[in-house]
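Just model.cif here, mmCIF, C-alpha atoms and all ligand atoms:
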data_entry
#
loop_
_atom_site.group_PDB
_atom_site.id
_atom_site.type_symbol
_atom_site.label_atom_id
_atom_site.label_comp_id
_atom_site.auth_asym_id
_atom_site.auth_seq_id
_atom_site.Cartn_x
_atom_site.Cartn_y
_atom_site.Cartn_z
ATOM 1 C CA MET A 1 128.515 115.971 31.220
ATOM 2 C CA TYR A 2 125.926 118.387 29.886
ATOM 3 C CA ALA A 3 125.633 121.449 27.662
ATOM 4 C CA GLU A 4 123.094 124.094 26.692
ATOM 5 C CA VAL A 5 121.585 124.777 23.301
ATOM 6 C CA GLN A 6 123.157 127.931 21.848
ATOM 7 C CA THR A 7 121.768 127.996 18.315
ATOM 8 C CA ILE A 8 119.380 125.975 16.158
ATOM 9 C CA GLU A 9 119.622 126.009 12.376
ATOM 10 C CA ARG A 10 117.414 124.248 9.807
ATOM 11 C CA LEU A 11 119.820 122.829 7.236
ATOM 12 C CA SER A 12 117.001 121.261 5.219
ATOM 13 C CA PRO A 13 113.390 120.182 5.869
ATOM 14 C CA SER A 14 114.811 117.032 7.512
ATOM 15 C CA MET A 15 118.040 118.208 9.161
ATOM 16 C CA ILE A 16 118.501 120.437 12.194
ATOM 17 C CA ARG A 17 121.910 121.624 13.377
ATOM 18 C CA VAL A 18 121.994 122.194 17.127
ATOM 19 C CA VAL A 19 125.053 123.927 18.578
ATOM 20 C CA LEU A 20 125.697 123.193 22.240
ATOM 21 C CA GLY A 21 127.918 125.213 24.585
ATOM 22 C CA GLU A 22 128.502 126.143 28.226
ATOM 23 C CA GLY A 23 127.493 123.498 30.803
ATOM 24 C CA THR A 24 130.490 121.267 31.506
ATOM 25 C CA LEU A 25 131.974 121.494 27.999
ATOM 26 C CA ASP A 26 135.148 123.012 29.474
ATOM 27 C CA GLN A 27 135.928 119.389 30.480
ATOM 28 C CA PHE A 28 135.129 117.916 27.067
ATOM 29 C CA GLU A 29 137.964 115.928 25.518
ATOM 30 C CA THR A 30 137.846 115.518 21.795
ATOM 31 C CA THR A 31 139.058 112.634 19.590
ATOM 32 C CA SER A 32 140.601 112.535 16.139
ATOM 33 C CA ALA A 33 137.807 110.294 14.800
ATOM 34 C CA THR A 34 135.605 111.994 12.202
ATOM 35 C CA ASP A 35 132.714 109.718 13.229
ATOM 36 C CA ALA A 36 133.008 110.718 16.901
ATOM 37 C CA TYR A 37 129.677 110.419 18.661
ATOM 38 C CA ILE A 38 128.106 111.164 22.006
ATOM 39 C CA ASN A 39 125.641 109.050 23.926
ATOM 40 C CA ALA A 40 122.922 111.545 24.846
ATOM 41 C CA GLN A 41 120.049 111.121 27.302
ATOM 42 C CA PHE A 42 116.541 112.321 26.443
ATOM 43 C CA PRO A 43 114.100 112.417 29.385
ATOM 44 C CA PRO A 44 110.607 111.543 28.076
ATOM 45 C CA GLU A 45 107.697 113.941 28.524
ATOM 46 C CA GLY A 46 106.414 113.831 32.102
ATOM 47 C CA SER A 47 109.729 112.554 33.491
ATOM 48 C CA PRO A 48 110.732 114.174 36.786
ATOM 49 C CA VAL A 49 114.380 114.022 35.627
ATOM 50 C CA SER A 50 115.933 117.341 34.674
ATOM 51 C CA VAL A 51 119.411 117.920 33.237
ATOM 52 C CA PRO A 52 121.951 117.695 34.789
ATOM 53 C CA PHE A 53 121.048 114.584 36.766
ATOM 54 C CA GLU A 54 122.971 111.951 38.709
ATOM 55 C CA ARG A 55 122.598 108.244 37.865
ATOM 56 C CA THR A 56 121.344 107.647 41.417
ATOM 57 C CA GLU A 57 118.333 109.894 40.698
ATOM 58 C CA LEU A 58 117.109 107.195 38.304
ATOM 59 C CA ASP A 59 116.988 104.512 41.016
ATOM 60 C CA GLY A 60 113.442 103.253 41.383
ATOM 61 C CA LEU A 61 112.142 105.357 38.496
ATOM 62 C CA PRO A 62 109.684 103.429 36.262
ATOM 63 C CA ALA A 63 111.169 102.501 32.878
ATOM 64 C CA GLU A 64 108.795 104.794 30.974
ATOM 65 C CA LEU A 65 110.077 107.867 32.862
ATOM 66 C CA ARG A 66 113.803 107.121 32.448
ATOM 67 C CA PRO A 67 115.867 109.126 29.978
ATOM 68 C CA ARG A 68 116.256 107.380 26.613
ATOM 69 C CA PRO A 69 119.861 106.926 25.434
ATOM 70 C CA ARG A 70 120.569 107.849 21.804
ATOM 71 C CA ARG A 71 123.824 108.200 19.889
ATOM 72 C CA PHE A 72 124.607 111.300 17.849
ATOM 73 C CA THR A 73 127.633 112.232 15.777
ATOM 74 C CA ILE A 74 129.672 115.299 16.542
ATOM 75 C CA ARG A 75 129.497 117.284 13.318
ATOM 76 C CA ASN A 76 131.970 119.822 14.660
ATOM 77 C CA TRP A 77 133.861 120.618 17.836
ATOM 78 C CA ASP A 78 134.962 124.236 18.085
ATOM 79 C CA SER A 79 137.785 124.088 20.601
ATOM 80 C CA ASN A 80 138.049 127.889 20.905
ATOM 81 C CA LYS A 81 134.386 128.491 21.687
ATOM 82 C CA ARG A 82 134.089 125.017 23.265
ATOM 83 C CA GLN A 83 130.957 124.329 21.265
ATOM 84 C CA LEU A 84 129.647 121.063 19.820
ATOM 85 C CA ALA A 85 127.527 120.958 16.672
ATOM 86 C CA ILE A 86 125.207 118.022 16.037
ATOM 87 C CA ASP A 87 123.071 117.443 12.930
ATOM 88 C CA PHE A 88 119.795 115.790 13.953
ATOM 89 C CA VAL A 89 117.453 114.111 11.483
ATOM 90 C CA ALA A 90 113.935 115.512 11.910
ATOM 91 C CA HIS A 91 112.124 112.265 11.102
ATOM 92 C CA GLY A 92 108.616 113.076 12.333
ATOM 93 C CA ASP A 93 106.726 112.984 15.611
ATOM 94 C CA ASP A 94 107.900 109.534 16.765
ATOM 95 C CA GLY A 95 110.729 109.033 19.210
ATOM 96 C CA TYR A 96 112.652 111.243 21.619
ATOM 97 C CA ALA A 97 115.814 112.611 20.059
ATOM 98 C CA GLY A 98 114.432 113.822 16.734
ATOM 99 C CA THR A 99 111.480 115.481 18.452
ATOM 100 C CA TRP A 100 113.807 117.048 21.058
ATOM 101 C CA ALA A 101 115.804 118.680 18.253
ATOM 102 C CA GLN A 102 112.618 119.842 16.483
ATOM 103 C CA ARG A 103 111.445 121.577 19.666
ATOM 104 C CA ALA A 104 114.865 122.751 20.890
ATOM 105 C CA ARG A 105 115.180 126.317 22.132
ATOM 106 C CA PRO A 106 118.293 128.237 23.274
ATOM 107 C CA GLY A 107 119.010 127.315 26.890
ATOM 108 C CA ASP A 108 117.619 123.761 26.655
ATOM 109 C CA ARG A 109 120.018 121.272 28.172
ATOM 110 C CA LEU A 110 121.356 117.953 26.938
ATOM 111 C CA GLN A 111 123.217 115.425 29.091
ATOM 112 C CA PHE A 112 125.642 113.033 27.456
ATOM 113 C CA SER A 113 128.751 110.907 27.760
ATOM 114 C CA GLY A 114 131.517 110.206 25.275
ATOM 115 C CA PRO A 115 132.884 110.680 22.756
ATOM 116 C CA GLY A 116 133.260 107.270 21.087
ATOM 117 C CA GLY A 117 134.144 106.688 17.438
ATOM 118 C CA SER A 118 136.891 105.105 15.394
ATOM 119 C CA TYR A 119 136.896 106.160 11.719
ATOM 120 C CA ARG A 120 139.118 108.756 10.169
ATOM 121 C CA PRO A 121 139.902 108.747 6.443
ATOM 122 C CA SER A 122 143.147 106.842 5.968
ATOM 123 C CA PRO A 123 146.038 108.869 4.526
ATOM 124 C CA ASP A 124 147.357 105.591 3.009
ATOM 125 C CA VAL A 125 144.691 105.020 0.346
ATOM 126 C CA ASP A 126 144.100 106.679 -3.022
ATOM 127 C CA TRP A 127 140.480 107.630 -2.425
ATOM 128 C CA HIS A 128 137.564 107.344 0.025
ATOM 129 C CA LEU A 129 134.096 105.835 -0.334
ATOM 130 C CA LEU A 130 131.570 107.458 2.036
ATOM 131 C CA ALA A 131 127.952 106.280 1.968
ATOM 132 C CA GLY A 132 124.795 106.450 4.045
ATOM 133 C CA ASP A 133 121.600 108.355 4.743
ATOM 134 C CA GLU A 134 120.867 111.585 6.653
ATOM 135 C CA SER A 135 121.923 110.039 9.972
ATOM 136 C CA ALA A 136 125.444 109.550 8.582
ATOM 137 C CA LEU A 137 125.760 113.023 7.056
ATOM 138 C CA GLY A 138 127.351 114.430 10.238
ATOM 139 C CA ALA A 139 130.185 111.907 10.017
ATOM 140 C CA ILE A 140 130.420 112.136 6.224
ATOM 141 C CA GLY A 141 130.572 115.951 6.455
ATOM 142 C CA ALA A 142 133.251 115.866 9.172
ATOM 143 C CA SER A 143 135.234 113.289 7.159
ATOM 144 C CA LEU A 144 135.083 115.384 3.994
ATOM 145 C CA GLU A 145 136.220 118.467 5.919
ATOM 146 C CA SER A 146 139.244 116.576 7.223
ATOM 147 C CA LEU A 147 140.493 115.641 3.751
ATOM 148 C CA PRO A 148 143.387 117.537 2.162
ATOM 149 C CA ALA A 149 142.983 119.500 -1.067
ATOM 150 C CA GLY A 150 142.818 117.300 -4.121
ATOM 151 C CA ARG A 151 142.172 114.009 -2.300
ATOM 152 C CA GLN A 152 139.508 112.001 -4.139
ATOM 153 C CA ALA A 153 136.252 111.040 -2.417
ATOM 154 C CA LEU A 154 133.072 109.438 -3.728
ATOM 155 C CA VAL A 155 129.970 110.065 -1.609
ATOM 156 C CA PHE A 156 126.531 108.424 -1.854
ATOM 157 C CA ALA A 157 123.903 110.137 0.300
ATOM 158 C CA VAL A 158 120.260 109.050 0.561
ATOM 159 C CA VAL A 159 117.733 111.828 1.289
ATOM 160 C CA ASP A 160 114.028 112.335 0.544
ATOM 161 C CA GLY A 161 114.437 114.740 -2.383
ATOM 162 C CA PRO A 162 116.552 117.597 -3.843
ATOM 163 C CA GLU A 163 115.428 120.084 -1.185
ATOM 164 C CA HIS A 164 116.942 117.774 1.479
ATOM 165 C CA GLU A 165 120.469 117.983 0.093
ATOM 166 C CA ILE A 166 122.828 119.907 2.366
ATOM 167 C CA ASP A 167 126.107 121.699 1.914
ATOM 168 C CA LEU A 168 129.163 119.464 2.466
ATOM 169 C CA PRO A 169 132.153 121.841 2.388
ATOM 170 C CA THR A 170 135.521 120.260 1.566
ATOM 171 C CA GLU A 171 138.831 120.998 -0.105
ATOM 172 C CA ALA A 172 138.896 117.445 -1.398
ATOM 173 C CA ASP A 173 138.037 116.445 -4.934
ATOM 174 C CA ALA A 174 134.676 115.037 -3.850
ATOM 175 C CA THR A 175 131.879 113.742 -6.042
ATOM 176 C CA VAL A 176 128.602 113.678 -4.130
ATOM 177 C CA VAL A 177 125.843 111.498 -5.585
ATOM 178 C CA TRP A 178 122.533 112.485 -3.962
ATOM 179 C CA LEU A 179 119.943 109.698 -4.029
ATOM 180 C CA HIS A 180 116.267 110.623 -3.681
ATOM 181 C CA ARG A 181 113.901 108.206 -1.936
ATOM 182 C CA ARG A 182 110.790 110.004 -3.141
ATOM 183 C CA THR A 183 111.396 109.227 -6.794
ATOM 184 C CA ALA A 184 113.100 105.850 -6.320
ATOM 185 C CA ALA A 185 111.443 102.676 -7.585
ATOM 186 C CA ASP A 186 112.485 101.024 -4.305
ATOM 187 C CA PRO A 187 113.867 103.405 -1.644
ATOM 188 C CA GLU A 188 115.218 100.471 0.380
ATOM 189 C CA THR A 189 117.538 99.269 -2.411
ATOM 190 C CA LEU A 190 118.430 102.754 -3.644
ATOM 191 C CA LEU A 191 121.836 102.923 -1.955
ATOM 192 C CA HIS A 192 122.850 99.409 -2.964
ATOM 193 C CA ASP A 193 121.673 99.891 -6.547
ATOM 194 C CA ALA A 194 123.527 103.196 -6.962
ATOM 195 C CA VAL A 195 126.786 101.950 -5.432
ATOM 196 C CA SER A 196 126.748 98.715 -7.402
ATOM 197 C CA ALA A 197 126.014 100.520 -10.700
ATOM 198 C CA THR A 198 128.928 102.936 -10.283
ATOM 199 C CA ARG A 199 132.374 102.542 -11.778
ATOM 200 C CA PHE A 200 134.808 103.214 -8.931
ATOM 201 C CA PRO A 201 137.943 105.337 -9.377
ATOM 202 C CA ASP A 202 141.169 103.377 -9.811
ATOM 203 C CA GLY A 203 143.407 102.701 -6.841
ATOM 204 C CA THR A 204 142.990 101.705 -3.228
ATOM 205 C CA PHE A 205 140.142 103.046 -1.105
ATOM 206 C CA ASP A 206 138.721 102.909 2.388
ATOM 207 C CA VAL A 207 135.029 102.617 3.243
ATOM 208 C CA PHE A 208 132.686 104.472 5.593
ATOM 209 C CA LEU A 209 129.151 103.037 5.285
ATOM 210 C CA HIS A 210 126.525 103.804 7.949
ATOM 211 C CA GLY A 211 122.805 104.537 8.154
ATOM 212 C CA GLU A 212 119.639 102.436 7.969
ATOM 213 C CA ALA A 213 120.295 98.761 8.814
ATOM 214 C CA GLY A 214 118.810 97.126 5.711
ATOM 215 C CA GLU A 215 120.467 99.619 3.360
ATOM 216 C CA VAL A 216 123.832 99.203 5.060
ATOM 217 C CA ARG A 217 123.555 95.425 4.964
ATOM 218 C CA SER A 218 122.762 95.054 1.268
ATOM 219 C CA THR A 219 125.423 97.608 0.302
ATOM 220 C CA ARG A 220 127.997 95.895 2.530
ATOM 221 C CA ARG A 221 127.214 92.558 0.878
ATOM 222 C CA HIS A 222 127.937 94.071 -2.527
ATOM 223 C CA LEU A 223 131.150 95.792 -1.422
ATOM 224 C CA VAL A 224 132.550 92.649 0.185
ATOM 225 C CA ALA A 225 131.349 90.101 -2.392
ATOM 226 C CA ASP A 226 131.836 92.088 -5.587
ATOM 227 C CA ARG A 227 134.381 94.816 -4.855
ATOM 228 C CA GLY A 228 136.825 92.880 -2.682
ATOM 229 C CA VAL A 229 136.370 95.099 0.398
ATOM 230 C CA ASP A 230 137.796 93.509 3.557
ATOM 231 C CA PRO A 231 135.048 94.068 6.135
ATOM 232 C CA SER A 232 137.521 93.972 9.013
ATOM 233 C CA ASN A 233 139.239 96.971 7.452
ATOM 234 C CA ALA A 234 136.111 98.964 6.662
ATOM 235 C CA SER A 235 133.933 101.218 8.833
ATOM 236 C CA ILE A 236 130.512 99.648 8.261
ATOM 237 C CA SER A 237 127.668 99.571 10.774
ATOM 238 C CA PRO A 238 123.951 100.261 10.976
ATOM 239 C CA TYR A 239 122.934 103.385 12.929
ATOM 240 C CA TRP A 240 119.180 102.743 13.087
ATOM 241 C CA ARG A 241 116.567 100.347 11.730
ATOM 242 C CA ARG A 242 113.393 101.137 9.819
ATOM 243 C CA ASP A 243 110.198 100.572 11.900
ATOM 244 C CA HIS A 244 112.260 99.979 15.066
ATOM 245 C CA THR A 245 112.733 102.379 17.937
ATOM 246 C CA ASP A 246 116.296 102.550 19.176
ATOM 247 C CA GLU A 247 115.303 100.351 22.153
ATOM 248 C CA ALA A 248 113.843 97.660 19.859
ATOM 249 C CA TRP A 249 116.824 97.942 17.518
ATOM 250 C CA ARG A 250 119.356 97.514 20.319
ATOM 251 C CA GLN A 251 117.578 94.312 21.380
ATOM 252 C CA SER A 252 117.948 92.708 17.962
ATOM 253 C CA LYS A 253 121.194 94.390 16.864
ATOM 254 C CA ARG A 254 123.571 91.660 18.062
ATOM 255 C CA GLN A 255 121.723 88.959 16.092
ATOM 256 C CA TRP A 256 121.456 91.256 13.091
ATOM 257 C CA LEU A 257 125.201 91.918 13.101
ATOM 258 C CA ALA A 258 125.967 88.194 13.420
ATOM 259 C CA ALA A 259 123.707 87.450 10.438
ATOM 260 C CA GLN A 260 125.255 90.339 8.503
ATOM 261 C CA ALA A 261 128.739 88.931 9.160
ATOM 262 C CA ARG A 262 127.570 85.568 7.773
ATOM 263 C CA ASP A 263 126.242 87.201 4.568
ATOM 264 C CA VAL A 264 129.727 87.324 3.078
HETATM 265 C C1 LIG B 301 127.152 105.950 16.351
HETATM 266 C C2 LIG B 301 125.846 106.569 15.889
HETATM 267 C C3 LIG B 301 125.827 107.883 15.433
HETATM 268 C C4 LIG B 301 124.620 108.458 15.002
HETATM 269 N N1 LIG B 301 124.626 109.764 14.577
HETATM 270 C C5 LIG B 301 123.459 110.357 14.231
HETATM 271 C C6 LIG B 301 123.428 111.729 13.845
HETATM 272 O O1 LIG B 301 124.449 112.435 13.854
HETATM 273 N N2 LIG B 301 122.231 112.273 13.510
HETATM 274 C C7 LIG B 301 121.064 111.535 13.529
HETATM 275 O O2 LIG B 301 120.000 112.092 13.247
HETATM 276 N N3 LIG B 301 121.071 110.232 13.873
HETATM 277 C C8 LIG B 301 122.229 109.639 14.239
HETATM 278 N N4 LIG B 301 122.245 108.327 14.622
HETATM 279 C C9 LIG B 301 120.986 107.581 14.570
HETATM 280 C C10 LIG B 301 120.089 107.856 15.782
HETATM 281 O O3 LIG B 301 120.751 107.489 16.974
HETATM 282 C C11 LIG B 301 118.790 107.017 15.600
HETATM 283 O O4 LIG B 301 118.163 107.391 14.396
HETATM 284 C C12 LIG B 301 117.819 107.104 16.751
HETATM 285 O O5 LIG B 301 116.915 106.015 16.632
HETATM 286 C C13 LIG B 301 116.980 108.382 16.787
HETATM 287 O O6 LIG B 301 116.231 108.368 17.981
HETATM 288 P P1 LIG B 301 114.739 108.954 18.108
HETATM 289 O O7 LIG B 301 114.448 109.000 19.566
HETATM 290 O O8 LIG B 301 114.634 110.198 17.314
HETATM 291 O O9 LIG B 301 113.817 107.860 17.409
HETATM 292 P P2 LIG B 301 113.434 106.400 17.961
HETATM 293 O O10 LIG B 301 112.618 106.489 19.199
HETATM 294 O O11 LIG B 301 114.671 105.552 18.063
HETATM 295 O O12 LIG B 301 112.542 105.818 16.755
HETATM 296 C C14 LIG B 301 111.200 106.267 16.504
HETATM 297 C C15 LIG B 301 110.830 105.907 15.044
HETATM 298 O O13 LIG B 301 111.616 106.736 14.154
HETATM 299 C C16 LIG B 301 112.350 105.921 13.230
HETATM 300 N N5 LIG B 301 113.655 106.562 12.957
HETATM 301 C C17 LIG B 301 114.721 106.646 13.767
HETATM 302 N N6 LIG B 301 115.750 107.290 13.165
HETATM 303 C C18 LIG B 301 115.288 107.633 11.935
HETATM 304 C C19 LIG B 301 115.881 108.314 10.825
HETATM 305 N N7 LIG B 301 117.144 108.768 10.836
HETATM 306 N N8 LIG B 301 115.129 108.488 9.710
HETATM 307 C C20 LIG B 301 113.836 108.030 9.636
HETATM 308 N N9 LIG B 301 113.225 107.360 10.671
HETATM 309 C C21 LIG B 301 113.951 107.172 11.792
HETATM 310 C C22 LIG B 301 112.501 104.567 13.931
HETATM 311 O O14 LIG B 301 112.709 103.496 13.013
HETATM 312 C C23 LIG B 301 111.176 104.457 14.675
HETATM 313 O O15 LIG B 301 110.170 103.970 13.830
HETATM 314 C C24 LIG B 301 123.425 107.718 15.037
HETATM 315 C C25 LIG B 301 123.445 106.390 15.511
HETATM 316 C C26 LIG B 301 124.635 105.817 15.924
HETATM 317 C C27 LIG B 301 124.644 104.393 16.445
#
Is it possible to give me this structure as structure tokens?
Ligand SMILES: Cc1cc2nc3c(=O)[nH]c(=O)nc-3n(C[C@H](O)[C@H](O)[C@H](O)COP(=O)(O)OP(=O)(O)OC[C@H]3O[C@@H](n4cnc5c(N)ncnc54)[C@H](O)[C@@H]3O)c2cc1C
Amino acid sequence: MYAEVQTIERLSPSMIRVVLGEGTLDQFETTSATDAYINAQFPPEGSPVSVPFERTELDGLPAELRPRPRRFTIRNWDSNKRQLAIDFVAHGDDGYAGTWAQRARPGDRLQFSGPGGSYRPSPDVDWHLLAGDESALGAIGASLESLPAGRQALVFAVVDGPEHEIDLPTEADATVVWLHRRTAADPETLLHDAVSATRFPDGTFDVFLHGEAGEVRSTRRHLVADRGVDPSNASISPYWRRDHTDEAWRQSKRQWLAAQARDV
């Protein structure tokens, strides 16, 4: 399916909200997951492929001209307007998806499949732990919005600095701890160090932990080894890996996940 860019909004220097509508969104079927994501296709510069395209159009096309698949979380689905909102990290001039969002103009088209996704805050626990970096803020924001008034949530969000913090509206009783890379002694251990130094609320909790692979892995190790989190009952996975394109990351991801499972 495909949709057209309706609006583009800078949420912070590093986050861009793109709202998509029209196209074939009348056929879009939503899911109850608050980490629902689409698998979008980004034709590289110079590619003869234009959206919408058929799979058969890619036959015989050299690898460097094929659209690059990238996963992005649905920040919001407006079923009345049939519009999808996605929060893209603007992470510089490298790559395809981030640069697409930085250059997006109304009318630009995006082709995608999905949605996938599996997490939704459990109504059966006392509170929710939500942690990650900018790439997970779409899912964290959608999760917070789904929580009823008064429900407790503890959020750890890694961003570059105070001007990169974004609004996370919720009726829940949420404490958001913003962690700033720029002033951190070691940005790569920032998430782990903050989570492990925090006294958790009493009671049972569920876990949503996603973002950069190394940060997710060290924080997962702590949660499982020291906090008694059952990894088979927690939503924990790396979304991207520092110094790896998504193609390179997907090649090593299986081994990484196997090693991560052996950590604890
Ligand atoms: C299920 C799922 C949901 C996701 N949801 C979102 C989402 O809602 N919003 C979002 O922005 N991302 C999201 N991501 C992450 C996104 O798919 C990756 O960050 C992807 O690599 C971006 O593609 P790109 O073409 O911009 O960069 P790539 O071509 O993959 O990479 C180019 C360079 O940029 C670096 N890079 C990639 N992502 C980041 C980043 N976030 N910060 C800093 N450097 C980076 C890479 O390490 C590499 O060095 C999600 C990933 C998954 C698996």
Would you name the residues within 8 Å of ligand LIG 301 (chain B), counting all atoms listed in the file, and put them as a short mmCIF file (atom, residue, chain, number, x, y, z; two decimals) with C-alpha atoms, keeping the file's coordinate frame?
data_model
loop_
_atom_site.label_atom_id
_atom_site.label_comp_id
_atom_site.auth_asym_id
_atom_site.auth_seq_id
_atom_site.Cartn_x
_atom_site.Cartn_y
_atom_site.Cartn_z
CA MET A 15 118.04 118.21 9.16
CA ASP A 35 132.71 109.72 13.23
CA ALA A 36 133.01 110.72 16.90
CA TYR A 37 129.68 110.42 18.66
CA ILE A 38 128.11 111.16 22.01
CA PHE A 42 116.54 112.32 26.44
CA ARG A 68 116.26 107.38 26.61
CA ARG A 70 120.57 107.85 21.80
CA ARG A 71 123.82 108.20 19.89
CA PHE A 72 124.61 111.30 17.85
CA THR A 73 127.63 112.23 15.78
CA ILE A 74 129.67 115.30 16.54
CA ARG A 75 129.50 117.28 13.32
CA ILE A 86 125.21 118.02 16.04
CA ASP A 87 123.07 117.44 12.93
CA PHE A 88 119.80 115.79 13.95
CA VAL A 89 117.45 114.11 11.48
CA ALA A 90 113.94 115.51 11.91
CA HIS A 91 112.12 112.26 11.10
CA GLY A 92 108.62 113.08 12.33
CA ASP A 94 107.90 109.53 16.76
CA GLY A 95 110.73 109.03 19.21
CA TYR A 96 112.65 111.24 21.62
CA ALA A 97 115.81 112.61 20.06
CA GLY A 98 114.43 113.82 16.73
CA THR A 99 111.48 115.48 18.45
CA TRP A 100 113.81 117.05 21.06
CA GLY A 116 133.26 107.27 21.09
CA GLY A 117 134.14 106.69 17.44
CA ASP A 133 121.60 108.36 4.74
CA GLU A 134 120.87 111.58 6.65
CA SER A 135 121.92 110.04 9.97
CA ALA A 136 125.44 109.55 8.58
CA LEU A 137 125.76 113.02 7.06
CA GLY A 138 127.35 114.43 10.24
CA ALA A 139 130.18 111.91 10.02
CA GLY A 211 122.80 104.54 8.15
CA GLU A 212 119.64 102.44 7.97
CA PRO A 238 123.95 100.26 10.98
CA TYR A 239 122.93 103.38 12.93
CA TRP A 240 119.18 102.74 13.09
CA ARG A 241 116.57 100.35 11.73
CA ARG A 242 113.39 101.14 9.82
CA ASP A 243 110.20 100.57 11.90
CA HIS A 244 112.26 99.98 15.07
CA THR A 245 112.73 102.38 17.94
CA ASP A 246 116.30 102.55 19.18
CA GLU A 247 115.30 100.35 22.15
CA TRP A 249 116.82 97.94 17.52
#
CA of Asp173 (chain A) sits from CA of Arg151 (chain A) at a separation of 5.5 Å
Kindly assemble as a Markdown table a list of the region 108-157 of chain A residues that lie within 10 Å of region 16-28 of chain A, each paired with its nearest atom pair and their distance in Å to one decimal, using all atoms listed in the file, sorted first by chain and then by ascending residue number.
| residue | atom | partner | partner_atom | distance |
| --- | --- | --- | --- | --- |
| A:Asp108 | CA | A:Leu20 | CA | 9.2 |
| A:Arg109 | CA | A:Gly23 | CA | 8.2 |
| A:Leu110 | CA | A:Leu20 | CA | 8.3 |
| A:Gln111 | CA | A:Gly23 | CA | 9.3 |
| A:Ser113 | CA | A:Phe28 | CA | 9.5 |
| A:Gly114 | CA | A:Phe28 | CA | 8.7 |
| A:Pro115 | CA | A:Phe28 | CA | 8.7 |
| A:Gly138 | CA | A:Arg17 | CA | 9.6 |
Kindly resolve the PyMOL selection byres (((chain A and resi 158-171) around 9) and not hetatm) on the present coordinates and return the residues as number ranges by chain. A: 11-15, 131-134, 137, 140-151, 156-157, 172-174, 176-183, 187, 190-191
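Atom pair CA of Val207 (chain A) / CA of Pro69 (chain A) has a distance of 27.2 Å (rounded to one decimal).
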With distances taken over only C-alpha atoms, which of A:Val51, A:Ser235, A:Arg221, A:Leu154 is nearest to Arg199 (chain A)?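 Between A:Val51, A:Ser235, A:Arg221, A:Leu154, the residue approaching Arg199 (chain A) most closely is A:Leu154.
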What does the structure give for the distance between CA of Arg55 (chain A) and CA of Val5 (chain A), in Å to one decimal?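 The value is 22.1 Å.
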Around all of region 38-42 of chain A's listed atoms, make the axis-aligned box with 8 Å on each side and tell me centre and edge lengths in Å to one decimal, as JSON.
{"center_x": 122.3, "center_y": 110.7, "center_z": 24.7, "size_x": 27.6, "size_y": 19.3, "size_z": 21.3}
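Ranking A:Ala101, A:Val229, A:Ala185, A:Val224 by their shortest atom-to-atom distance to Arg262 (chain A), with all atoms listed in the file included, puts A:Val224 first.
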Name the residues within 10 Å of (108.1, 111.3, 32.5), counting only C-alpha atoms in the file's coordinates, and put them as a count of residues only. 14
I'd like the neighbourhood of Ala234 (chain A) as a list of chain:residue names, where a residue qualifies if any of its atoms comes within 12 Å (using all atoms listed in the file), though same-chain residues fewer than 2 positions away should be ignored.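 Neighbouring residues, sequence-local ones excluded: A:Ser118, A:Tyr119, A:Arg120, A:Pro121, A:Ser122, A:His128, A:Leu129, A:Leu130, A:Ala131, A:Phe205, A:Asp206, A:Val207, A:Phe208, A:Leu209, A:His210, A:Arg220, A:Leu223, A:Val224, A:Gly228, A:Val229, A:Asp230, A:Pro231, A:Ser232, A:Ile236, A:Ser237.
Among the candidates A:Gln152, A:Thr34, A:Ser252, A:Asn76, the one nearest to Gly203 (chain A) when counting all atoms listed in the file is A:Gln152.
Neighbouring residues of Gln260 (chain A) at 10 Å or closer, counting all atoms listed in the file and skipping chain neighbours under 3 positions away, are Ala213, Gly214, Val216, Arg217, Ser218, Arg220, Arg221, Ser237, Arg254, Gln255, Trp256, Leu257, Asp263 and Val264 of chain A.
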Which one is closest to Ser50 (chain A): A:Thr7, A:Tyr2, A:Glu188, A:Asn80? Count all atoms listed in the file. A:Tyr2
